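coords.csv follows; it contains CSV, C-alpha atoms (C1' of nucleotides).
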```
chain,number,residue,atom,x,y,z
A,225,MET,CA,-7.5,130.2,82.9
A,226,PRO,CA,-8.8,128.3,79.9
A,227,VAL,CA,-11.6,129.8,77.9
A,228,VAL,CA,-14.6,127.5,78.1
A,229,THR,CA,-17.1,127.9,75.4
A,230,LYS,CA,-20.4,126.5,76.5
A,231,ALA,CA,-21.8,124.0,74.0
A,232,ARG,CA,-25.1,125.2,72.7
A,233,LYS,CA,-28.1,123.3,71.5
A,234,LEU,CA,-29.1,123.7,67.9
A,235,PRO,CA,-32.4,125.5,67.0
A,236,GLN,CA,-35.3,123.1,66.7
A,237,ARG,CA,-35.4,123.0,62.9
A,238,SER,CA,-31.7,122.3,62.5
A,239,GLN,CA,-31.9,119.6,65.0
A,240,LEU,CA,-35.0,118.1,63.4
A,241,LEU,CA,-33.2,117.8,60.0
A,242,LEU,CA,-30.2,116.2,61.7
A,243,ASN,CA,-32.4,113.7,63.4
A,244,LEU,CA,-34.3,113.0,60.1
A,245,TRP,CA,-31.0,112.2,58.5
A,246,LEU,CA,-29.7,109.9,61.2
A,247,CYS,CA,-33.0,108.1,61.5
A,248,SER,CA,-33.2,107.6,57.8
A,249,GLU,CA,-29.6,106.4,57.6
A,250,ASP,CA,-30.3,103.8,60.3
A,251,HIS,CA,-33.5,102.7,58.5
A,252,ARG,CA,-31.7,102.4,55.2
A,253,GLN,CA,-28.9,100.3,56.6
A,254,MET,CA,-31.5,98.0,58.2
A,255,MET,CA,-33.4,97.6,54.9
A,256,ASP,CA,-30.3,97.1,52.9
A,257,GLN,CA,-29.1,94.3,55.1
A,258,SER,CA,-32.5,92.6,55.3
A,259,LEU,CA,-33.4,92.8,51.6
A,260,GLY,CA,-29.8,91.9,50.7
A,261,SER,CA,-29.7,88.8,52.8
A,262,ILE,CA,-33.2,87.6,52.0
A,263,HIS,CA,-33.6,88.6,48.3
A,264,GLY,CA,-30.1,89.5,47.2
A,265,ILE,CA,-31.0,93.1,46.3
A,266,ALA,CA,-30.1,96.4,47.8
A,267,TYR,CA,-32.8,98.9,48.9
A,268,ILE,CA,-31.9,101.2,46.0
A,269,GLU,CA,-32.4,98.2,43.7
A,270,TYR,CA,-35.8,97.6,45.2
A,271,LEU,CA,-36.6,101.2,44.5
A,272,VAL,CA,-35.7,100.7,40.8
A,273,LEU,CA,-37.9,97.6,40.5
A,274,HIS,CA,-40.7,99.4,42.2
A,275,HIS,CA,-40.6,102.5,40.1
A,276,LEU,CA,-40.4,100.4,36.9
A,277,ALA,CA,-43.4,98.5,38.0
A,278,GLN,CA,-45.3,101.7,38.5
A,279,ALA,CA,-44.4,103.1,35.1
A,280,PRO,CA,-46.6,102.3,32.2
A,281,GLY,CA,-45.4,99.2,30.4
A,282,GLY,CA,-42.9,98.6,33.2
A,283,ALA,CA,-40.3,100.6,31.4
A,284,LEU,CA,-38.5,104.0,31.8
A,285,ARG,CA,-35.9,106.1,30.2
A,286,ARG,CA,-32.7,105.8,32.2
A,287,ILE,CA,-32.6,109.6,32.7
A,288,ASP,CA,-36.1,109.6,34.1
A,289,LEU,CA,-35.3,106.7,36.4
A,290,ALA,CA,-32.2,108.6,37.6
A,291,ARG,CA,-34.3,111.7,38.6
A,292,THR,CA,-36.9,109.5,40.3
A,293,ILE,CA,-34.4,107.8,42.6
A,294,SER,CA,-32.2,110.9,43.1
A,295,ARG,CA,-29.2,109.5,41.5
A,296,SER,CA,-26.9,110.7,38.7
A,297,ALA,CA,-27.0,109.4,35.2
A,298,SER,CA,-23.7,107.6,35.7
A,299,GLY,CA,-24.9,106.2,38.9
A,300,VAL,CA,-27.9,104.6,37.1
A,301,THR,CA,-25.6,103.2,34.4
A,302,ARG,CA,-23.5,101.3,37.0
A,303,LEU,CA,-26.5,100.4,39.1
A,304,LEU,CA,-28.4,98.8,36.3
A,305,ARG,CA,-25.4,96.8,34.9
A,306,PRO,CA,-25.5,94.0,37.5
A,307,MET,CA,-29.3,94.0,37.5
A,308,GLU,CA,-29.3,93.3,33.7
A,309,LYS,CA,-26.7,90.6,34.3
A,310,ILE,CA,-28.9,88.7,36.7
A,311,GLY,CA,-31.9,89.3,34.4
A,312,LEU,CA,-34.1,91.6,36.6
A,313,VAL,CA,-34.2,94.3,33.9
A,314,THR,CA,-33.4,94.5,30.2
A,315,LYS,CA,-32.0,97.3,28.1
A,316,GLU,CA,-34.0,98.4,25.1
A,317,HIS,CA,-33.6,101.1,22.4
A,318,SER,CA,-36.0,103.8,21.7
A,319,GLU,CA,-37.2,103.9,18.1
A,320,ARG,CA,-37.9,107.6,18.2
A,321,ASP,CA,-34.7,108.8,19.8
A,322,ALA,CA,-31.4,106.9,19.2
A,323,ARG,CA,-29.9,108.6,22.2
A,324,VAL,CA,-32.1,107.2,24.9
A,325,SER,CA,-32.0,103.6,26.1
A,326,ILE,CA,-35.0,102.2,27.9
A,327,VAL,CA,-34.8,100.0,31.0
A,328,ALA,CA,-37.6,97.5,31.3
A,329,LEU,CA,-38.7,95.1,34.0
A,330,THR,CA,-38.5,91.4,33.1
A,331,ASP,CA,-40.7,88.7,34.5
A,332,ALA,CA,-38.0,87.7,36.8
A,333,GLY,CA,-37.7,91.3,38.0
A,334,ARG,CA,-41.5,91.4,38.6
A,335,GLU,CA,-41.3,88.2,40.6
A,336,ARG,CA,-38.3,89.4,42.7
A,337,LEU,CA,-40.2,92.7,43.3
A,338,ARG,CA,-43.3,90.8,44.5
A,339,ASP,CA,-41.3,88.7,46.9
A,340,ALA,CA,-39.2,91.6,48.2
A,341,THR,CA,-42.3,93.7,48.7
A,342,ARG,CA,-43.6,91.1,51.1
A,343,SER,CA,-40.5,91.4,53.2
A,344,LEU,CA,-40.4,95.2,52.8
A,345,ASN,CA,-43.9,95.5,54.1
A,346,GLN,CA,-43.2,93.3,57.1
A,347,LEU,CA,-40.1,95.3,57.9
A,348,SER,CA,-41.9,98.6,57.5
A,349,GLU,CA,-44.6,97.5,59.8
A,350,LYS,CA,-42.1,96.5,62.4
A,351,PHE,CA,-40.1,99.7,62.0
A,352,THR,CA,-43.1,102.0,62.4
A,353,ALA,CA,-44.9,99.9,65.0
A,354,SER,CA,-44.3,102.6,67.6
A,355,ILE,CA,-46.4,105.2,65.9
A,356,ASN,CA,-50.2,105.0,65.2
A,357,ASP,CA,-52.1,105.8,62.0
A,358,LYS,CA,-52.9,109.3,63.1
A,359,GLU,CA,-49.3,110.3,63.7
A,360,LEU,CA,-48.3,108.5,60.6
A,361,ALA,CA,-50.7,110.6,58.5
A,362,ARG,CA,-49.2,113.7,60.1
A,363,VAL,CA,-45.7,112.8,59.3
A,364,GLU,CA,-46.7,111.9,55.8
A,365,SER,CA,-48.1,115.3,55.1
A,366,ALA,CA,-45.2,117.0,56.8
A,367,LEU,CA,-42.8,115.1,54.6
A,368,ALA,CA,-44.8,116.0,51.5
A,369,ALA,CA,-44.4,119.6,52.5
A,370,LEU,CA,-40.7,119.3,53.1
A,371,ALA,CA,-40.0,117.5,49.8
A,372,THR,CA,-38.7,119.5,46.9
A,373,ARG,CA,-40.8,117.4,44.5
A,374,PRO,CA,-44.0,115.4,44.5
A,375,LEU,CA,-43.9,112.2,46.6
A,376,ALA,CA,-45.9,109.1,46.0
A,377,SER,CA,-48.4,108.1,48.5
B,98,MET,CA,-52.6,87.7,25.0
B,99,PRO,CA,-50.0,89.2,27.3
B,100,VAL,CA,-50.4,88.9,31.0
B,101,VAL,CA,-50.7,92.4,32.5
B,102,THR,CA,-49.9,92.6,36.1
B,103,LYS,CA,-51.5,95.7,37.6
B,104,ALA,CA,-48.9,97.8,39.4
B,105,ARG,CA,-50.0,98.1,43.0
B,106,LYS,CA,-49.5,100.9,45.4
B,107,LEU,CA,-47.5,100.1,48.5
B,108,PRO,CA,-49.0,100.1,52.0
B,109,GLN,CA,-48.9,103.4,53.8
B,110,ARG,CA,-46.1,102.5,56.1
B,111,SER,CA,-43.8,101.2,53.4
B,112,GLN,CA,-44.4,104.3,51.3
B,113,LEU,CA,-43.7,106.6,54.2
B,114,LEU,CA,-40.3,105.1,54.9
B,115,LEU,CA,-39.5,105.3,51.2
B,116,ASN,CA,-40.4,108.9,51.2
B,117,LEU,CA,-38.5,109.5,54.4
B,118,TRP,CA,-35.5,108.2,52.7
B,119,LEU,CA,-35.8,110.1,49.4
B,120,CYS,CA,-36.5,113.3,51.3
B,121,SER,CA,-33.6,112.9,53.6
B,122,GLU,CA,-31.3,112.1,50.7
B,123,ASP,CA,-32.3,115.3,48.9
B,124,HIS,CA,-31.8,117.2,52.1
B,125,ARG,CA,-28.4,115.7,52.7
B,126,GLN,CA,-27.2,116.5,49.2
B,127,MET,CA,-28.3,120.1,49.5
B,128,MET,CA,-26.6,120.5,52.9
B,129,ASP,CA,-23.4,118.8,51.6
B,130,GLN,CA,-23.2,121.2,48.6
B,131,SER,CA,-23.9,124.3,50.6
B,132,LEU,CA,-21.7,123.6,53.6
B,133,GLY,CA,-19.0,122.3,51.2
B,134,SER,CA,-18.9,125.4,49.0
B,135,ILE,CA,-19.3,127.9,51.9
B,136,HIS,CA,-17.2,126.3,54.7
B,137,GLY,CA,-15.3,123.5,53.0
B,138,ILE,CA,-16.8,120.8,55.1
B,139,ALA,CA,-19.2,118.0,54.4
B,140,TYR,CA,-22.4,117.5,56.3
B,141,ILE,CA,-21.0,114.5,58.0
B,142,GLU,CA,-17.9,116.6,59.1
B,143,TYR,CA,-20.3,119.2,60.5
B,144,LEU,CA,-21.9,116.4,62.5
B,145,VAL,CA,-18.5,115.4,63.9
B,146,LEU,CA,-17.7,118.9,65.0
B,147,HIS,CA,-21.1,119.3,66.5
B,148,HIS,CA,-21.0,116.1,68.5
B,149,LEU,CA,-17.5,116.9,69.8
B,150,ALA,CA,-18.7,120.3,70.9
B,151,GLN,CA,-21.5,118.8,72.8
B,152,ALA,CA,-19.3,116.3,74.5
B,153,PRO,CA,-17.7,117.2,77.8
B,154,GLY,CA,-14.2,118.7,77.2
B,155,GLY,CA,-14.9,118.8,73.4
B,156,ALA,CA,-13.4,115.3,73.1
B,157,LEU,CA,-14.7,111.8,72.4
B,158,ARG,CA,-13.3,108.3,72.0
B,159,ARG,CA,-13.3,107.4,68.3
B,160,ILE,CA,-15.5,104.4,68.8
B,161,ASP,CA,-18.1,106.5,70.6
B,162,LEU,CA,-18.0,109.0,67.9
B,163,ALA,CA,-18.5,106.3,65.3
B,164,ARG,CA,-21.7,105.0,67.0
B,165,THR,CA,-23.0,108.5,67.4
B,166,ILE,CA,-22.8,109.3,63.7
B,167,SER,CA,-23.7,105.8,62.6
B,168,ARG,CA,-20.5,105.0,60.9
B,169,SER,CA,-18.0,102.1,61.2
B,170,ALA,CA,-14.8,102.4,63.2
B,171,SER,CA,-12.8,102.4,59.9
B,172,GLY,CA,-15.0,105.0,58.5
B,173,VAL,CA,-14.2,107.3,61.4
B,174,THR,CA,-10.5,106.7,61.0
B,175,ARG,CA,-10.6,107.8,57.4
B,176,LEU,CA,-13.1,110.6,58.0
B,177,LEU,CA,-10.9,112.2,60.7
B,178,ARG,CA,-7.6,112.0,58.9
B,179,PRO,CA,-8.2,115.0,56.6
B,180,MET,CA,-9.9,116.9,59.5
B,181,GLU,CA,-6.7,116.5,61.6
B,182,LYS,CA,-4.7,117.6,58.6
B,183,ILE,CA,-6.5,120.9,58.3
B,184,GLY,CA,-6.4,121.3,62.1
B,185,LEU,CA,-10.1,121.1,63.0
B,186,VAL,CA,-9.5,118.2,65.4
B,187,THR,CA,-6.5,116.6,67.1
B,188,LYS,CA,-5.7,113.1,68.1
B,189,GLU,CA,-4.9,112.4,71.7
B,190,HIS,CA,-4.1,109.3,73.7
B,191,SER,CA,-6.0,108.0,76.7
B,192,GLU,CA,-3.9,107.6,79.8
B,193,ARG,CA,-6.1,104.9,81.2
B,194,ASP,CA,-6.4,102.7,78.2
B,195,ALA,CA,-3.7,102.5,75.6
B,196,ARG,CA,-6.1,101.1,73.0
B,197,VAL,CA,-8.2,104.1,72.7
B,198,SER,CA,-7.4,107.3,71.0
B,199,ILE,CA,-9.3,110.5,71.7
B,200,VAL,CA,-10.4,113.0,69.1
B,201,ALA,CA,-10.6,116.5,70.4
B,202,LEU,CA,-11.9,119.7,69.0
B,203,THR,CA,-9.4,122.5,68.3
B,204,ASP,CA,-10.0,126.2,68.5
B,205,ALA,CA,-10.0,126.3,64.7
B,206,GLY,CA,-12.6,123.5,64.8
B,207,ARG,CA,-14.7,125.4,67.2
B,208,GLU,CA,-14.6,128.4,65.1
B,209,ARG,CA,-15.4,126.5,61.9
B,210,LEU,CA,-18.3,124.9,63.7
B,211,ARG,CA,-19.6,128.3,64.8
B,212,ASP,CA,-19.5,129.7,61.3
B,213,ALA,CA,-21.0,126.6,59.7
B,214,THR,CA,-23.8,126.6,62.3
B,215,ARG,CA,-25.0,130.0,61.1
B,216,SER,CA,-25.3,128.7,57.6
B,217,LEU,CA,-26.8,125.4,58.7
B,218,ASN,CA,-29.5,127.3,60.7
B,219,GLN,CA,-30.3,129.5,57.7
B,220,LEU,CA,-30.5,126.5,55.4
B,221,SER,CA,-32.6,124.6,57.9
B,222,GLU,CA,-35.0,127.5,58.2
B,223,LYS,CA,-35.4,127.7,54.5
B,224,PHE,CA,-35.8,123.9,54.1
B,225,THR,CA,-38.5,123.6,56.7
B,226,ALA,CA,-40.3,126.9,56.0
B,227,SER,CA,-43.3,125.1,54.6
B,228,ILE,CA,-44.2,123.6,57.9
B,229,ASN,CA,-45.3,125.4,61.0
B,230,ASP,CA,-44.1,124.9,64.6
B,231,LYS,CA,-47.0,122.6,65.5
B,232,GLU,CA,-46.3,120.2,62.7
B,233,LEU,CA,-42.6,120.5,63.4
B,234,ALA,CA,-43.2,119.3,66.9
B,235,ARG,CA,-45.3,116.4,65.7
B,236,VAL,CA,-42.6,115.2,63.3
B,237,GLU,CA,-40.1,115.6,66.0
B,238,SER,CA,-41.9,113.3,68.3
B,239,ALA,CA,-42.7,110.8,65.6
B,240,LEU,CA,-39.0,110.7,64.6
B,241,ALA,CA,-38.0,110.1,68.2
B,242,ALA,CA,-40.5,107.2,68.3
B,243,LEU,CA,-39.1,105.7,65.0
B,244,ALA,CA,-35.5,106.0,66.0
B,245,THR,CA,-33.8,103.0,67.4
B,246,ARG,CA,-31.8,105.1,69.9
B,247,PRO,CA,-32.2,108.3,71.7
B,248,LEU,CA,-32.1,111.4,69.6
B,249,ALA,CA,-31.0,114.9,70.6
B,250,SER,CA,-33.5,117.6,70.8
C,76,DG,C1',0.2,84.2,86.5
C,77,DT,C1',-1.3,82.5,82.1
C,78,DA,C1',-4.5,81.5,78.5
C,79,DT,C1',-8.5,83.0,76.4
C,80,DT,C1',-11.6,86.4,74.9
C,81,DA,C1',-13.1,91.0,74.0
C,82,DT,C1',-12.2,95.8,72.7
C,83,DT,C1',-10.1,99.7,70.0
C,84,DC,C1',-8.1,101.1,66.2
C,85,DT,C1',-5.9,100.8,61.5
C,86,DT,C1',-5.2,99.0,56.9
C,87,DG,C1',-6.2,96.5,52.4
C,88,DA,C1',-9.6,95.1,49.2
C,89,DG,C1',-14.0,95.7,47.2
C,90,DT,C1',-18.1,98.4,46.2
C,91,DG,C1',-21.0,102.4,45.2
C,92,DT,C1',-21.3,107.1,44.1
C,93,DG,C1',-20.6,111.8,41.7
C,94,DC,C1',-18.2,114.9,38.7
C,95,DA,C1',-15.9,115.9,34.5
C,96,DA,C1',-15.1,114.7,30.0
C,97,DG,C1',-16.2,112.3,25.8
C,98,DT,C1',-19.5,110.3,22.2
C,99,DA,C1',-23.6,110.3,19.7
C,100,DA,C1',-27.8,112.1,18.4
C,101,DA,C1',-31.5,115.5,18.5
C,102,DA,C1',-33.1,120.2,18.6
C,103,DT,C1',-32.5,125.0,17.6
C,104,DG,C1',-30.9,129.2,15.2
C,105,DC,C1',-29.9,131.3,11.1
D,135,DG,C1',-28.7,123.0,5.0
D,136,DC,C1',-25.2,123.9,8.3
D,137,DA,C1',-23.4,125.4,12.8
D,138,DT,C1',-24.4,125.6,17.5
D,139,DT,C1',-26.5,124.1,21.6
D,140,DT,C1',-28.8,120.8,24.2
D,141,DT,C1',-29.8,116.0,25.7
D,142,DA,C1',-28.8,111.0,26.9
D,143,DC,C1',-25.6,108.0,28.0
D,144,DT,C1',-20.9,105.9,29.2
D,145,DT,C1',-16.3,105.9,31.1
D,146,DG,C1',-12.1,107.4,33.9
D,147,DC,C1',-11.0,109.2,38.0
D,148,DA,C1',-11.5,110.4,42.8
D,149,DC,C1',-13.5,109.7,47.0
D,150,DA,C1',-16.3,107.7,50.9
D,151,DC,C1',-17.8,103.8,53.0
D,152,DT,C1',-17.9,98.8,54.7
D,153,DC,C1',-16.1,94.4,55.8
D,154,DA,C1',-12.4,91.3,57.0
D,155,DA,C1',-8.1,90.8,58.9
D,156,DG,C1',-4.4,92.2,61.8
D,157,DA,C1',-2.0,94.6,65.8
D,158,DA,C1',-2.0,96.2,70.4
D,159,DT,C1',-4.0,96.3,74.8
D,160,DA,C1',-7.4,95.2,78.4
D,161,DA,C1',-10.6,92.2,80.7
D,162,DT,C1',-11.9,87.6,82.1
D,163,DA,C1',-11.4,82.8,83.5
D,164,DC,C1',-9.0,79.5,85.8
```
Whole structure given in structure tokens:
Amino acid sequence: MPVVTKARKLPQRSQLLLNLWLCSEDHRQMMDQSLGSIHGIAYIEYLVLHHLAQAPGGALRRIDLARTISRSASGVTRLLRPMEKIGLVTKEHSERDARVSIVALTDAGRERLRDATRSLNQLSEKFTASINDKELARVESALAALATRPLAS
Amino acid sequence: MPVVTKARKLPQRSQLLLNLWLCSEDHRQMMDQSLGSIHGIAYIEYLVLHHLAQAPGGALRRIDLARTISRSASGVTRLLRPMEKIGLVTKEHSERDARVSIVALTDAGRERLRDATRSLNQLSEKFTASINDKELARVESALAALATRPLAS
DNA sequence: GTATTATTCTTGAGTGTGCAAGTAAAATGC
DNA sequence: GCATTTTACTTGCACACTCAAGAATAATAC
């Protein structure tokens, strides 16, 4: 007689994190495709433009950018290369520290960001249409609690 | 005089999705590292084992597995190869349809899943320690609403 | 039954990512 | 000042993933 091990459900917290992951993956794929086909940039590239625009002077050290978007330093190097090539950002040198190189938003980058933001907002509206503002606020605060670092709001 | 464009904050819903993504990425990286160092499997491999265990008979068609874990068919082919090699799963043929190949959990796979689940639960507890059960339930229902397909609970 | 279309899976090519190692420069210790 | 350590960045390598194309089989149309 074969031993049948009953498949068990996971505890609520494990299941929640699994669902968080799957849901976020689906959302990212959708955003990647939409932003890619409409504006020619990936979601992660949008994130770069956005964070640069938020930074004073529209510029950041590469290492700070890397931490902000949860990528490695080498990841940032390779991510920025094509963005420099098409003129969305430029590479500048720090006068104080010869090790650091600064990545700065160009006018073209600012324009692309503005256009892409319109699409992003529409897509986000659509994607979150099923939950109301009250629920939204709750999820927002729960996410902030979960995060291992301060989140923008 | 230089034109200064004021950096604007994003609408709440766009910002929420951005935060959801970042939070989920951090969580995934943490899980990957922990499960990898302790049990030698990636988070995505854990997900495979888990879904196989949930399926009747501990087996699934590759294409169904792919949809469940939000990966492409080719992604599943390459993901399963090393797992077959170390004996966590086996490849079987369908008698009804010669096109499909079935992936089935082995005893070793079941055992690895059981061990890894213990770690996963501990990690999940720790990761979600900052929110209480009530908030947890709210996030759970919000996630279910956001998802484009039914989520397990 | 035969032709056409759809489905399942695998493979090749291209892309994106991290890690480890290497380079250069700054900071620290003495 | 000089040696050591730390920091910022880039590059080589390995790996995971997708898409497009191809092979085999099933389903559908007629």
Chain B fitted onto chain A, all C-alpha pairs in order, as a CSV table (one decimal) with C-alpha atoms, keeping the file's coordinate frame:
```
chain,number,residue,atom,x,y,z
B,98,MET,CA,-7.5,130.4,82.9
B,99,PRO,CA,-8.9,128.5,79.9
B,100,VAL,CA,-11.7,129.9,77.9
B,101,VAL,CA,-14.7,127.6,78.1
B,102,THR,CA,-17.1,127.9,75.4
B,103,LYS,CA,-20.5,126.6,76.5
B,104,ALA,CA,-21.8,124.0,74.0
B,105,ARG,CA,-25.1,125.2,72.7
B,106,LYS,CA,-28.1,123.3,71.6
B,107,LEU,CA,-29.1,123.8,68.0
B,108,PRO,CA,-32.4,125.4,67.0
B,109,GLN,CA,-35.3,123.1,66.7
B,110,ARG,CA,-35.4,123.1,62.9
B,111,SER,CA,-31.7,122.3,62.5
B,112,GLN,CA,-32.0,119.5,65.0
B,113,LEU,CA,-35.0,118.0,63.3
B,114,LEU,CA,-33.3,117.7,60.0
B,115,LEU,CA,-30.2,116.2,61.7
B,116,ASN,CA,-32.4,113.7,63.3
B,117,LEU,CA,-34.3,113.1,60.1
B,118,TRP,CA,-31.1,112.2,58.5
B,119,LEU,CA,-29.7,109.9,61.3
B,120,CYS,CA,-33.0,108.1,61.5
B,121,SER,CA,-33.3,107.6,57.8
B,122,GLU,CA,-29.7,106.3,57.6
B,123,ASP,CA,-30.4,103.7,60.3
B,124,HIS,CA,-33.5,102.7,58.5
B,125,ARG,CA,-31.7,102.4,55.2
B,126,GLN,CA,-29.0,100.3,56.6
B,127,MET,CA,-31.5,97.9,58.2
B,128,MET,CA,-33.5,97.6,54.9
B,129,ASP,CA,-30.3,97.1,52.9
B,130,GLN,CA,-29.1,94.2,55.2
B,131,SER,CA,-32.5,92.5,55.3
B,132,LEU,CA,-33.4,92.8,51.6
B,133,GLY,CA,-29.8,91.9,50.7
B,134,SER,CA,-29.7,88.7,52.8
B,135,ILE,CA,-33.3,87.6,52.0
B,136,HIS,CA,-33.6,88.6,48.3
B,137,GLY,CA,-30.1,89.5,47.2
B,138,ILE,CA,-31.0,93.1,46.3
B,139,ALA,CA,-30.1,96.4,47.8
B,140,TYR,CA,-32.7,98.9,48.9
B,141,ILE,CA,-31.9,101.1,46.1
B,142,GLU,CA,-32.4,98.1,43.6
B,143,TYR,CA,-35.8,97.5,45.2
B,144,LEU,CA,-36.6,101.2,44.5
B,145,VAL,CA,-35.6,100.7,40.8
B,146,LEU,CA,-37.9,97.7,40.5
B,147,HIS,CA,-40.7,99.4,42.2
B,148,HIS,CA,-40.5,102.5,40.1
B,149,LEU,CA,-40.4,100.5,36.9
B,150,ALA,CA,-43.4,98.6,38.0
B,151,GLN,CA,-45.3,101.7,38.5
B,152,ALA,CA,-44.4,103.1,35.2
B,153,PRO,CA,-46.6,102.4,32.2
B,154,GLY,CA,-45.4,99.3,30.4
B,155,GLY,CA,-42.9,98.6,33.2
B,156,ALA,CA,-40.3,100.6,31.4
B,157,LEU,CA,-38.6,104.0,31.9
B,158,ARG,CA,-35.9,106.1,30.2
B,159,ARG,CA,-32.7,105.8,32.2
B,160,ILE,CA,-32.5,109.6,32.8
B,161,ASP,CA,-36.0,109.6,34.1
B,162,LEU,CA,-35.2,106.8,36.4
B,163,ALA,CA,-32.1,108.6,37.6
B,164,ARG,CA,-34.2,111.7,38.6
B,165,THR,CA,-36.8,109.5,40.3
B,166,ILE,CA,-34.3,107.8,42.6
B,167,SER,CA,-32.1,110.9,43.0
B,168,ARG,CA,-29.1,109.5,41.5
B,169,SER,CA,-26.8,110.7,38.7
B,170,ALA,CA,-27.0,109.4,35.1
B,171,SER,CA,-23.7,107.5,35.6
B,172,GLY,CA,-24.9,106.1,38.8
B,173,VAL,CA,-27.8,104.6,37.0
B,174,THR,CA,-25.6,103.1,34.4
B,175,ARG,CA,-23.5,101.3,36.9
B,176,LEU,CA,-26.5,100.4,39.1
B,177,LEU,CA,-28.3,98.7,36.3
B,178,ARG,CA,-25.4,96.7,34.8
B,179,PRO,CA,-25.5,94.0,37.5
B,180,MET,CA,-29.3,94.0,37.5
B,181,GLU,CA,-29.3,93.3,33.7
B,182,LYS,CA,-26.8,90.6,34.3
B,183,ILE,CA,-29.0,88.7,36.7
B,184,GLY,CA,-32.0,89.3,34.4
B,185,LEU,CA,-34.2,91.5,36.6
B,186,VAL,CA,-34.2,94.3,33.9
B,187,THR,CA,-33.4,94.5,30.2
B,188,LYS,CA,-32.1,97.3,28.1
B,189,GLU,CA,-34.1,98.4,25.1
B,190,HIS,CA,-33.7,101.1,22.5
B,191,SER,CA,-36.1,103.9,21.8
B,192,GLU,CA,-37.3,104.0,18.2
B,193,ARG,CA,-37.9,107.7,18.3
B,194,ASP,CA,-34.7,108.9,19.8
B,195,ALA,CA,-31.5,107.0,19.3
B,196,ARG,CA,-29.9,108.7,22.3
B,197,VAL,CA,-32.1,107.2,24.8
B,198,SER,CA,-32.1,103.7,26.1
B,199,ILE,CA,-35.0,102.2,27.9
B,200,VAL,CA,-34.8,100.0,31.0
B,201,ALA,CA,-37.6,97.5,31.2
B,202,LEU,CA,-38.7,95.2,33.9
B,203,THR,CA,-38.5,91.4,33.2
B,204,ASP,CA,-40.8,88.7,34.5
B,205,ALA,CA,-38.0,87.6,36.8
B,206,GLY,CA,-37.8,91.3,38.0
B,207,ARG,CA,-41.5,91.4,38.6
B,208,GLU,CA,-41.3,88.3,40.6
B,209,ARG,CA,-38.3,89.4,42.6
B,210,LEU,CA,-40.2,92.7,43.3
B,211,ARG,CA,-43.2,90.8,44.5
B,212,ASP,CA,-41.3,88.7,46.9
B,213,ALA,CA,-39.2,91.6,48.2
B,214,THR,CA,-42.3,93.7,48.7
B,215,ARG,CA,-43.7,91.1,51.2
B,216,SER,CA,-40.5,91.4,53.2
B,217,LEU,CA,-40.4,95.2,52.8
B,218,ASN,CA,-44.0,95.5,54.1
B,219,GLN,CA,-43.2,93.3,57.1
B,220,LEU,CA,-40.1,95.3,57.9
B,221,SER,CA,-41.9,98.5,57.5
B,222,GLU,CA,-44.6,97.4,59.8
B,223,LYS,CA,-42.1,96.5,62.4
B,224,PHE,CA,-40.1,99.7,62.0
B,225,THR,CA,-43.1,102.0,62.3
B,226,ALA,CA,-45.0,100.0,65.0
B,227,SER,CA,-44.3,102.6,67.6
B,228,ILE,CA,-46.4,105.2,65.9
B,229,ASN,CA,-50.1,105.0,65.3
B,230,ASP,CA,-52.1,105.8,62.1
B,231,LYS,CA,-52.9,109.4,63.1
B,232,GLU,CA,-49.3,110.3,63.6
B,233,LEU,CA,-48.3,108.4,60.5
B,234,ALA,CA,-50.6,110.6,58.5
B,235,ARG,CA,-49.2,113.7,60.1
B,236,VAL,CA,-45.6,112.7,59.2
B,237,GLU,CA,-46.7,111.8,55.8
B,238,SER,CA,-48.1,115.2,55.1
B,239,ALA,CA,-45.2,117.0,56.7
B,240,LEU,CA,-42.8,115.0,54.6
B,241,ALA,CA,-44.7,115.9,51.5
B,242,ALA,CA,-44.4,119.6,52.5
B,243,LEU,CA,-40.6,119.3,53.1
B,244,ALA,CA,-39.9,117.5,49.9
B,245,THR,CA,-38.7,119.5,47.0
B,246,ARG,CA,-40.8,117.4,44.5
B,247,PRO,CA,-43.9,115.4,44.5
B,248,LEU,CA,-43.8,112.3,46.5
B,249,ALA,CA,-45.9,109.1,46.0
B,250,SER,CA,-48.4,108.1,48.4
```
Find the residues in chain B near chain C: any atom within 10 Å counts, using all atoms listed in the file. Write them as JSON, numbers by chain.
{"B": [158, 159, 160, 170, 171, 173, 174, 175, 194, 195, 196, 197, 198]}
Spatial neighbours of B:Ala234, 12 Å, only C-alpha atoms (C1' of nucleotides), chain gap at least 6 places, as a short mmCIF file (atom, residue, chain, number, x, y, z; two decimals) with C-alpha atoms, in the coordinates of the input:
```cif
data_model
loop_
_atom_site.label_atom_id
_atom_site.label_comp_id
_atom_site.auth_asym_id
_atom_site.auth_seq_id
_atom_site.Cartn_x
_atom_site.Cartn_y
_atom_site.Cartn_z
CA GLN A 236 -35.30 123.10 66.70
CA ARG A 237 -35.40 123.00 62.90
CA GLN A 239 -31.90 119.60 65.00
CA LEU A 240 -35.00 118.10 63.40
CA GLU A 359 -49.30 110.30 63.70
CA ARG A 362 -49.20 113.70 60.10
CA VAL A 363 -45.70 112.80 59.30
CA ALA A 366 -45.20 117.00 56.80
CA ILE B 228 -44.20 123.60 57.90
CA LEU B 240 -39.00 110.70 64.60
CA ALA B 241 -38.00 110.10 68.20
CA SER B 250 -33.50 117.60 70.80
#
```
Could you tell me how far atom C1' of D:DA142 sits from atom CA of B:Ser134, in Å to one decimal place?
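Interatomic distance, atom CA of B:Ser134 to atom C1' of D:DA142: 28.2 Å.
If we count only C-alpha atoms (C1' of nucleotides), these residues of chain D sit within 12 Å of chain A: D:DT141, D:DA142, D:DC143, D:DT144, D:DT145, D:DG146, D:DT152.
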